[in-house]
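Source file: final-v4.txt; contents: compact mmCIF, C-alpha atoms.
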```txt
# COMPACT_ATOMS: atom_id res chain seq x y z
CA MET J 101 -10.06 -21.80 -10.71
CA LYS J 102 -10.30 -21.02 -7.00
CA LEU J 103 -7.21 -20.25 -4.93
CA SER J 104 -6.93 -21.89 -1.52
CA ASP J 105 -6.30 -19.98 1.70
CA ASN J 106 -2.88 -21.64 1.85
CA THR J 107 -1.97 -20.29 -1.60
CA PHE J 108 -3.08 -16.79 -0.60
CA ASP J 109 -0.87 -17.09 2.50
CA VAL J 110 2.08 -17.98 0.25
CA LEU J 111 1.32 -15.04 -2.05
CA LYS J 112 1.10 -12.64 0.91
CA ASN J 113 4.46 -13.87 2.16
CA PHE J 114 6.04 -13.63 -1.30
CA SER J 115 4.80 -10.03 -1.62
CA THR J 116 7.05 -9.11 1.35
CA ILE J 117 10.06 -10.46 -0.59
CA ASN J 118 9.22 -8.99 -4.01
CA PRO J 119 6.17 -6.80 -4.80
CA SER J 120 5.83 -8.50 -8.22
CA LEU J 121 5.55 -12.15 -9.22
CA VAL J 122 5.85 -14.23 -12.36
CA PHE J 123 3.52 -17.24 -12.26
CA LYS J 124 4.72 -20.26 -14.22
CA THR J 125 2.58 -23.03 -15.69
CA GLY J 126 2.11 -25.70 -13.03
CA ASN J 127 1.89 -25.80 -9.24
CA VAL J 128 5.21 -24.26 -8.15
CA LEU J 129 5.43 -20.61 -7.09
CA ARG J 130 8.88 -19.01 -6.86
CA THR J 131 10.12 -15.52 -6.11
CA VAL J 132 13.37 -13.66 -5.55
CA SER J 133 14.07 -10.35 -3.85
CA PRO J 134 15.06 -7.40 -6.07
CA GLN J 135 18.54 -7.59 -4.49
CA LYS J 136 18.62 -11.34 -5.31
CA ASN J 137 19.67 -12.24 -1.78
CA ILE J 138 16.44 -14.09 -0.90
CA LEU J 139 14.91 -16.90 -2.97
CA ALA J 140 11.69 -18.71 -2.06
CA SER J 141 9.82 -21.65 -3.54
CA ALA J 142 6.50 -23.32 -2.68
CA VAL J 143 4.40 -26.16 -4.10
CA VAL J 144 0.70 -25.23 -4.01
CA SER J 145 -2.46 -27.26 -4.53
CA GLU J 146 -3.53 -25.40 -7.68
CA SER J 147 -1.99 -25.85 -11.12
CA PHE J 148 -1.82 -22.61 -13.10
CA PRO J 149 -2.72 -23.11 -16.79
CA GLN J 150 -0.19 -20.66 -18.25
CA ASP J 151 2.66 -18.24 -17.57
CA PHE J 152 1.69 -14.70 -16.54
CA ALA J 153 3.01 -11.88 -14.36
CA ILE J 154 1.43 -9.63 -11.74
CA TYR J 155 3.21 -6.32 -11.12
CA GLU J 156 1.49 -5.30 -7.86
CA LEU J 157 0.92 -8.52 -5.98
CA ASN J 158 -0.55 -6.82 -2.89
CA GLN J 159 -3.05 -4.99 -5.09
CA PHE J 160 -4.07 -8.27 -6.70
CA ILE J 161 -4.49 -9.96 -3.31
CA GLY J 162 -6.54 -7.01 -2.06
CA LEU J 163 -8.77 -7.17 -5.13
CA THR J 164 -9.54 -10.85 -4.65
CA SER J 165 -10.45 -10.19 -1.01
CA LEU J 166 -13.42 -8.13 -2.27
CA PHE J 167 -14.98 -11.36 -3.52
CA GLU J 168 -16.72 -13.69 -1.08
CA ASP J 169 -16.05 -16.72 -3.29
CA ALA J 170 -13.69 -15.75 -6.11
CA VAL J 171 -13.39 -17.82 -9.29
CA MET J 172 -10.55 -16.95 -11.70
CA ASP J 173 -10.43 -17.44 -15.44
CA PHE J 174 -7.01 -16.94 -17.03
CA GLY J 175 -6.97 -15.26 -20.43
CA GLU J 176 -4.11 -14.43 -22.76
CA LYS J 177 -3.51 -10.87 -21.53
CA SER J 178 -5.63 -10.65 -18.38
CA LEU J 179 -7.53 -12.73 -15.87
CA THR J 180 -11.18 -12.39 -14.91
CA ILE J 181 -12.38 -12.69 -11.34
CA LYS J 182 -16.04 -13.49 -10.75
CA GLU J 183 -18.15 -13.94 -7.67
CA ASN J 184 -19.33 -17.54 -7.54
CA GLY J 185 -23.11 -17.20 -7.51
CA GLY J 186 -22.87 -13.41 -7.22
CA ASN J 187 -22.91 -10.37 -9.49
CA SER J 188 -19.34 -9.02 -9.02
CA THR J 189 -16.70 -9.28 -11.72
CA SER J 190 -13.27 -7.78 -12.40
CA ARG J 191 -10.68 -7.89 -15.16
CA TYR J 192 -7.04 -7.70 -14.04
CA THR J 193 -4.37 -7.10 -16.68
CA TYR J 194 -1.05 -8.95 -16.62
CA THR J 195 2.25 -7.11 -16.74
CA ASP J 196 5.18 -7.79 -19.04
CA PRO J 197 7.34 -10.45 -17.33
CA SER J 198 10.43 -8.46 -18.30
CA MET J 199 9.26 -5.80 -15.82
CA VAL J 200 9.62 -8.27 -12.92
CA VAL J 201 12.82 -9.40 -11.18
CA SER J 202 12.44 -13.16 -11.58
CA PRO J 203 14.23 -16.09 -9.93
CA PRO J 204 16.57 -18.39 -11.86
CA GLU J 205 14.95 -21.39 -13.53
CA LYS J 206 16.48 -23.81 -11.01
CA ASP J 207 16.66 -23.67 -7.24
CA LEU J 208 20.03 -22.94 -5.68
CA GLU J 209 22.32 -25.82 -4.79
CA LEU J 210 23.56 -25.39 -1.25
CA PRO J 211 27.24 -26.23 -0.77
CA ASP J 212 27.93 -28.72 2.04
CA PRO J 213 26.54 -26.90 5.09
CA GLU J 214 28.73 -26.68 8.18
CA VAL J 215 25.82 -25.90 10.50
CA GLN J 216 22.41 -27.60 10.70
CA PHE J 217 19.66 -27.34 13.29
CA ASN J 218 15.88 -27.25 13.68
CA MET J 219 14.10 -23.96 14.29
CA SER J 220 10.55 -24.21 15.63
CA ALA J 221 7.81 -21.81 14.64
CA ALA J 222 7.77 -20.54 18.23
CA ASP J 223 11.53 -19.87 18.21
CA TYR J 224 11.32 -18.10 14.85
CA LYS J 225 8.51 -15.86 16.08
CA LYS J 226 10.32 -15.11 19.35
CA ILE J 227 13.67 -14.15 17.81
CA VAL J 228 12.12 -11.95 15.12
CA ASN J 229 9.82 -10.26 17.63
CA ALA J 230 12.79 -9.65 19.93
CA ALA J 231 14.81 -8.11 17.09
CA ASN J 232 11.91 -5.85 16.17
CA GLN J 233 11.14 -4.93 19.79
CA LEU J 234 14.77 -3.94 20.41
CA SER J 235 15.21 -2.38 16.93
CA LEU J 236 18.09 -4.76 16.22
CA PRO J 237 19.12 -4.97 12.56
CA GLU J 238 20.58 -8.48 12.58
CA ILE J 239 19.88 -12.04 13.64
CA VAL J 240 23.02 -14.14 14.06
CA VAL J 241 23.42 -17.91 14.08
CA ARG J 242 26.21 -18.13 16.64
CA GLY J 243 28.28 -21.08 17.81
CA ALA J 244 30.11 -20.53 21.09
CA ASP J 245 30.78 -22.42 24.33
CA GLY J 246 29.25 -25.63 22.97
CA THR J 247 25.92 -24.02 22.04
CA CYS J 248 24.36 -22.98 18.74
CA SER J 249 22.11 -19.98 19.31
CA LEU J 250 19.92 -17.54 17.44
CA VAL J 251 20.90 -14.07 18.59
CA ALA J 252 19.18 -10.77 17.81
CA THR J 253 21.94 -8.15 17.85
CA ASP J 254 23.83 -5.36 16.09
CA THR J 255 27.25 -6.70 15.15
CA LYS J 256 28.54 -3.20 14.37
CA ASN J 257 27.80 -1.99 17.89
CA PRO J 258 29.87 -3.67 20.66
CA THR J 259 27.48 -2.36 23.33
CA SER J 260 24.35 -3.57 21.51
CA ASN J 261 21.43 -5.07 23.36
CA GLU J 262 21.03 -8.77 22.56
CA PHE J 263 18.42 -11.49 22.82
CA GLY J 264 19.39 -15.14 22.34
CA LEU J 265 17.81 -18.57 22.02
CA SER J 266 19.71 -21.85 22.29
CA VAL J 267 18.71 -24.21 19.46
CA ALA J 268 21.36 -26.97 19.36
CA ASN J 269 24.71 -28.20 20.67
CA THR J 270 27.88 -27.62 18.67
CA GLU J 271 31.62 -28.03 19.01
CA ALA J 272 32.40 -25.44 16.34
CA GLU J 273 32.66 -21.69 16.64
CA PHE J 274 30.88 -19.55 14.06
CA GLU J 275 28.86 -16.43 13.45
CA PHE J 276 26.56 -16.30 10.45
CA ILE J 277 24.94 -12.91 10.11
CA PHE J 278 21.52 -12.24 8.61
CA LYS J 279 19.68 -8.98 8.23
CA THR J 280 16.50 -9.14 10.30
CA GLU J 281 14.55 -7.76 7.34
CA ASN J 282 15.65 -10.71 5.18
CA LEU J 283 14.09 -13.39 7.42
CA LYS J 284 10.58 -12.92 6.06
CA PHE J 285 9.25 -16.44 6.55
CA MET J 286 5.83 -17.97 6.95
CA SER J 287 5.19 -19.18 10.48
CA ASP J 288 6.42 -22.79 10.42
CA ASP J 289 9.00 -25.22 11.73
CA TYR J 290 12.21 -25.13 9.68
CA LYS J 291 15.22 -27.33 9.09
CA VAL J 292 18.07 -24.83 8.82
CA SER J 293 21.31 -25.44 6.92
CA VAL J 294 24.04 -22.78 6.73
CA SER J 295 27.13 -22.86 4.53
CA SER J 296 30.27 -20.79 4.97
CA LYS J 297 30.06 -20.17 1.22
CA GLY J 298 27.59 -17.37 1.95
CA ILE J 299 24.22 -19.09 1.57
CA SER J 300 21.65 -20.73 3.86
CA HIS J 301 18.56 -22.89 3.40
CA PHE J 302 15.40 -22.84 5.52
CA LEU J 303 13.17 -25.82 4.70
CA GLY J 304 9.59 -25.63 5.96
CA SER J 305 6.48 -27.70 5.31
CA VAL J 306 5.04 -25.09 2.90
CA VAL J 307 7.87 -22.86 1.66
CA GLU J 308 11.63 -23.22 1.43
CA TYR J 309 13.90 -20.18 1.46
CA TRP J 310 17.50 -19.55 0.46
CA VAL J 311 19.00 -16.49 2.18
CA ALA J 312 22.44 -14.97 1.70
CA THR J 313 24.59 -14.41 4.80
CA GLU J 314 26.08 -10.98 5.34
CA ALA J 315 29.70 -9.78 5.18
CA GLY J 316 31.50 -10.51 8.43
CA SER J 317 30.10 -14.01 8.77
CA LYS J 318 32.76 -16.53 9.83
CA TYR J 319 33.19 -20.21 10.63
CA ASN J 320 35.91 -21.95 12.64
CA GLY J 321 35.39 -25.71 12.70
```

In structure tokens, write the structure found in this file.
Amino acid sequence: MKLSDNTFDVLKNFSTINPSLVFKTGNVLRTVSPQKNILASAVVSESFPQDFAIYELNQFIGLTSLFEDAVMDFGEKSLTIKENGGNSTSRYTYTDPSMVVSPPEKDLELPDPEVQFNMSAADYKKIVNAANQLSLPEIVVRGADGTCSLVATDTKNPTSNEFGLSVANTEAEFEFIFKTENLKFMSDDYKVSVSSKGISHFLGSVVEYWVATEAGSKYNG
């Protein structure tokens, strides 16, 4: 089996959420953060022939990058990587799945969301870059004065620097708080749904994410 560039992109993104990954038979990859406050799921073009677990996902990705045209053969306890038409080969041993923090068998069901809007790839990149540039720990979905905005801020500091982007109109007032470090998404356009029950859903064309909102989040319809 060969893994597509798209699948490697998914794996690289998942490694920022959890350094380990359990692969399940089939074409769906899923991961959860060790704190279980981020869940991600993606449908990929390959279908994996069996269940197995990789403990150091970044190490595995780095290993495959040493091969110009890697072909993988999945054994019972390890996989073999060979250079297609070349002389390189490697054996990579699976880890015990019990050593990996794994997601629940089913995706989360989002309660009826009070807030929904579209977030473009450009807006996602801009708000995250602004938060990082200003060393701001949070990104807030804020409803105020008829506008729904993404705001990079520090809610615990009343004199915090802020950077905001208007993304939709709204009649409600709300503030859903996310840690900047938890919005580890692939670059894509997303349909965003946020529930006052403490959970949000970011639906992209490749990956969908469920992210918990932080304490202090509030909604006034």

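CA of Leu129 (chain J) is found 6.4 Å from CA of Val143 (chain J).
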
Q.
So the first atom is CA of Asn158 (chain J) and the second is CA of Asp223 (chain J); what is the distance between them in Å, to one decimal place?
A. 27.6 Å

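With only C-alpha atoms taken into account, the protein and nucleic acid residues at most 9 Å from Gly298 (chain J) (excluding it and anything under 2 positions from it in its own chain) are Phe276, Val294, Ser295, Ser296, Ser300, Val311, Ala312, Thr313, Glu314, Ala315 and Ser317 of chain J.
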
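Distance check against Ile154 (chain J) using all atoms listed in the file: of J:Pro134, J:Pro119, J:Gly126, J:Gly185, the minimum falls on J:Pro119.
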
Q) At most 10 Å from (9.5, -9.6, -11.6), file frame, only C-alpha atoms: which residues, as a VMD selection string? A) chain J and resid 118 to 123 131 to 134 153 to 156 195 to 203

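Minimum distance to Lys112 (chain J) across J:Phe174, J:Phe285, J:Phe278, J:Phe263 (counting all atoms listed in the file) occurs at J:Phe285.
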
**Q.** Residues within 8 Å of (17.7, -20.9, 0.6), counting only C-alpha atoms, listed as a PyMOL selection string
**A.** chain J and resi 138-140+208+210+299-303+308-312

Please, could you write that set of residues out with C-alpha atoms as a JSON list (two decimals), in the frame of the given file?
```
[["chain", "number", "residue", "atom", "x", "y", "z"],
["J", 138, "ILE", "CA", 16.44, -14.09, -0.90],
["J", 139, "LEU", "CA", 14.91, -16.90, -2.97],
["J", 140, "ALA", "CA", 11.69, -18.71, -2.06],
["J", 208, "LEU", "CA", 20.03, -22.94, -5.68],
["J", 210, "LEU", "CA", 23.56, -25.39, -1.25],
["J", 299, "ILE", "CA", 24.22, -19.09, 1.57],
["J", 300, "SER", "CA", 21.65, -20.73, 3.86],
["J", 301, "HIS", "CA", 18.56, -22.89, 3.40],
["J", 302, "PHE", "CA", 15.40, -22.84, 5.52],
["J", 303, "LEU", "CA", 13.17, -25.82, 4.70],
["J", 308, "GLU", "CA", 11.63, -23.22, 1.43],
["J", 309, "TYR", "CA", 13.90, -20.18, 1.46],
["J", 310, "TRP", "CA", 17.50, -19.55, 0.46],
["J", 311, "VAL", "CA", 19.00, -16.49, 2.18],
["J", 312, "ALA", "CA", 22.44, -14.97, 1.70]]
```

Q: Would you mind telling me which residue in J:Asp173, J:Tyr194, J:Asn127, J:Gln216 lies nearest to Phe152 (chain J) when using all atoms listed in the file?
A: J:Tyr194

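For the set J:Leu265, J:Met101, J:Ile227, J:Ile239, the residue with the smallest atom-to-atom gap to Lys182 (chain J) is J:Met101, counting all atoms listed in the file.
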
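Distances to Val144 (chain J) were evaluated for J:Asn113, J:Asn320, J:Asn106, J:Thr180 using all atoms listed in the file, and the minimum falls at J:Asn106.
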
Q) Between CA of Leu111 (chain J) and CA of Ser188 (chain J), what is the spacing in Å? A) 22.6 Å

Q: Write out as a count of residues only which residues come within 12 Å of Ser260 (chain J) when counting only C-alpha atoms, dropping same-chain ones fewer than 4 positions away.
A: 12

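Proximity ranking of J:Ser287, J:Ser104, J:Ser147, J:Ala272 relative to Thr125 (chain J) places J:Ser147 first, based on all atoms listed in the file.
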
Padding 4 Å on each side, edges along x, y and z: where is the centre of the box around the listed atoms of region 147-155 of chain J, and how long are its edges in Å to one decimal? Output it as AutoDock Vina command-line options.
```
--center_x 0.2 --center_y -16.1 --center_z -14.7 --size_x 13.9 --size_y 27.5 --size_z 15.1
```

(Q) Env of Thr189 (chain J): 10 Å cut, atoms = all atoms listed in the file, seq-sep filter 2 positions within chain, self excluded. Answer as JSON, numbers by chain. (A) {"J": [167, 170, 171, 172, 180, 181, 182, 183, 184, 186, 187, 191]}

Completion step: region 184-195 of chain J with all heavy atoms as a compact mmCIF listing (two decimals), in the frame of the given file:
```txt
# COMPACT_ATOMS: atom_id res chain seq x y z
N ASN J 184 -18.60 -16.30 -7.33
CA ASN J 184 -19.33 -17.54 -7.54
C ASN J 184 -20.75 -17.40 -7.00
O ASN J 184 -20.96 -17.27 -5.80
CB ASN J 184 -18.61 -18.70 -6.83
CG ASN J 184 -19.20 -20.05 -7.16
OD1 ASN J 184 -19.78 -20.24 -8.23
ND2 ASN J 184 -19.05 -21.00 -6.25
N GLY J 185 -21.71 -17.37 -7.91
CA GLY J 185 -23.11 -17.20 -7.51
C GLY J 185 -23.49 -15.77 -7.23
O GLY J 185 -24.62 -15.50 -6.79
N GLY J 186 -22.57 -14.81 -7.49
CA GLY J 186 -22.87 -13.41 -7.22
C GLY J 186 -22.84 -12.58 -8.49
O GLY J 186 -22.79 -13.09 -9.60
N ASN J 187 -22.84 -11.26 -8.33
CA ASN J 187 -22.91 -10.37 -9.49
C ASN J 187 -21.65 -9.51 -9.68
O ASN J 187 -21.64 -8.59 -10.49
CB ASN J 187 -24.14 -9.44 -9.38
CG ASN J 187 -24.10 -8.57 -8.13
OD1 ASN J 187 -23.21 -8.70 -7.31
ND2 ASN J 187 -25.09 -7.68 -8.01
N SER J 188 -20.58 -9.80 -8.91
CA SER J 188 -19.34 -9.02 -9.02
C SER J 188 -18.39 -9.65 -10.04
O SER J 188 -18.29 -10.87 -10.14
CB SER J 188 -18.63 -8.95 -7.65
OG SER J 188 -19.46 -8.35 -6.68
N THR J 189 -17.69 -8.79 -10.77
CA THR J 189 -16.70 -9.28 -11.72
C THR J 189 -15.59 -8.24 -11.88
O THR J 189 -15.82 -7.04 -11.68
CB THR J 189 -17.34 -9.59 -13.10
OG1 THR J 189 -16.36 -10.15 -13.97
CG2 THR J 189 -17.90 -8.33 -13.72
N SER J 190 -14.39 -8.69 -12.21
CA SER J 190 -13.27 -7.78 -12.40
C SER J 190 -12.32 -8.36 -13.44
O SER J 190 -12.12 -9.58 -13.50
CB SER J 190 -12.52 -7.55 -11.08
OG SER J 190 -11.38 -6.72 -11.28
N ARG J 191 -11.74 -7.49 -14.24
CA ARG J 191 -10.68 -7.89 -15.16
C ARG J 191 -9.37 -7.32 -14.65
O ARG J 191 -9.29 -6.13 -14.35
CB ARG J 191 -10.95 -7.39 -16.58
CG ARG J 191 -9.89 -7.90 -17.59
CD ARG J 191 -10.11 -7.38 -19.00
NE ARG J 191 -9.76 -5.97 -19.11
CZ ARG J 191 -10.60 -5.01 -19.43
NH1 ARG J 191 -11.87 -5.28 -19.66
NH2 ARG J 191 -10.21 -3.75 -19.50
N TYR J 192 -8.35 -8.14 -14.55
CA TYR J 192 -7.04 -7.70 -14.04
C TYR J 192 -5.99 -8.01 -15.09
O TYR J 192 -5.78 -9.16 -15.47
CB TYR J 192 -6.71 -8.39 -12.72
CG TYR J 192 -5.63 -7.68 -11.93
CD1 TYR J 192 -5.94 -6.64 -11.08
CD2 TYR J 192 -4.30 -8.04 -12.07
CE1 TYR J 192 -4.96 -5.96 -10.37
CE2 TYR J 192 -3.30 -7.38 -11.37
CZ TYR J 192 -3.64 -6.34 -10.52
OH TYR J 192 -2.66 -5.68 -9.82
N THR J 193 -5.30 -6.97 -15.56
CA THR J 193 -4.37 -7.10 -16.68
C THR J 193 -2.99 -7.55 -16.20
O THR J 193 -2.47 -7.05 -15.21
CB THR J 193 -4.25 -5.76 -17.42
OG1 THR J 193 -5.56 -5.34 -17.84
CG2 THR J 193 -3.35 -5.90 -18.65
N TYR J 194 -2.41 -8.49 -16.92
CA TYR J 194 -1.05 -8.95 -16.62
C TYR J 194 -0.04 -7.86 -16.96
O TYR J 194 -0.31 -6.95 -17.74
CB TYR J 194 -0.69 -10.20 -17.45
CG TYR J 194 -1.66 -11.34 -17.37
CD1 TYR J 194 -1.97 -12.10 -18.50
CD2 TYR J 194 -2.27 -11.70 -16.16
CE1 TYR J 194 -2.86 -13.16 -18.44
CE2 TYR J 194 -3.15 -12.76 -16.09
CZ TYR J 194 -3.45 -13.49 -17.25
OH TYR J 194 -4.32 -14.54 -17.19
N THR J 195 1.14 -7.98 -16.38
CA THR J 195 2.25 -7.11 -16.74
C THR J 195 3.24 -7.88 -17.60
O THR J 195 3.20 -9.12 -17.68
CB THR J 195 2.96 -6.57 -15.48
OG1 THR J 195 3.83 -5.51 -15.85
CG2 THR J 195 3.77 -7.65 -14.78
```
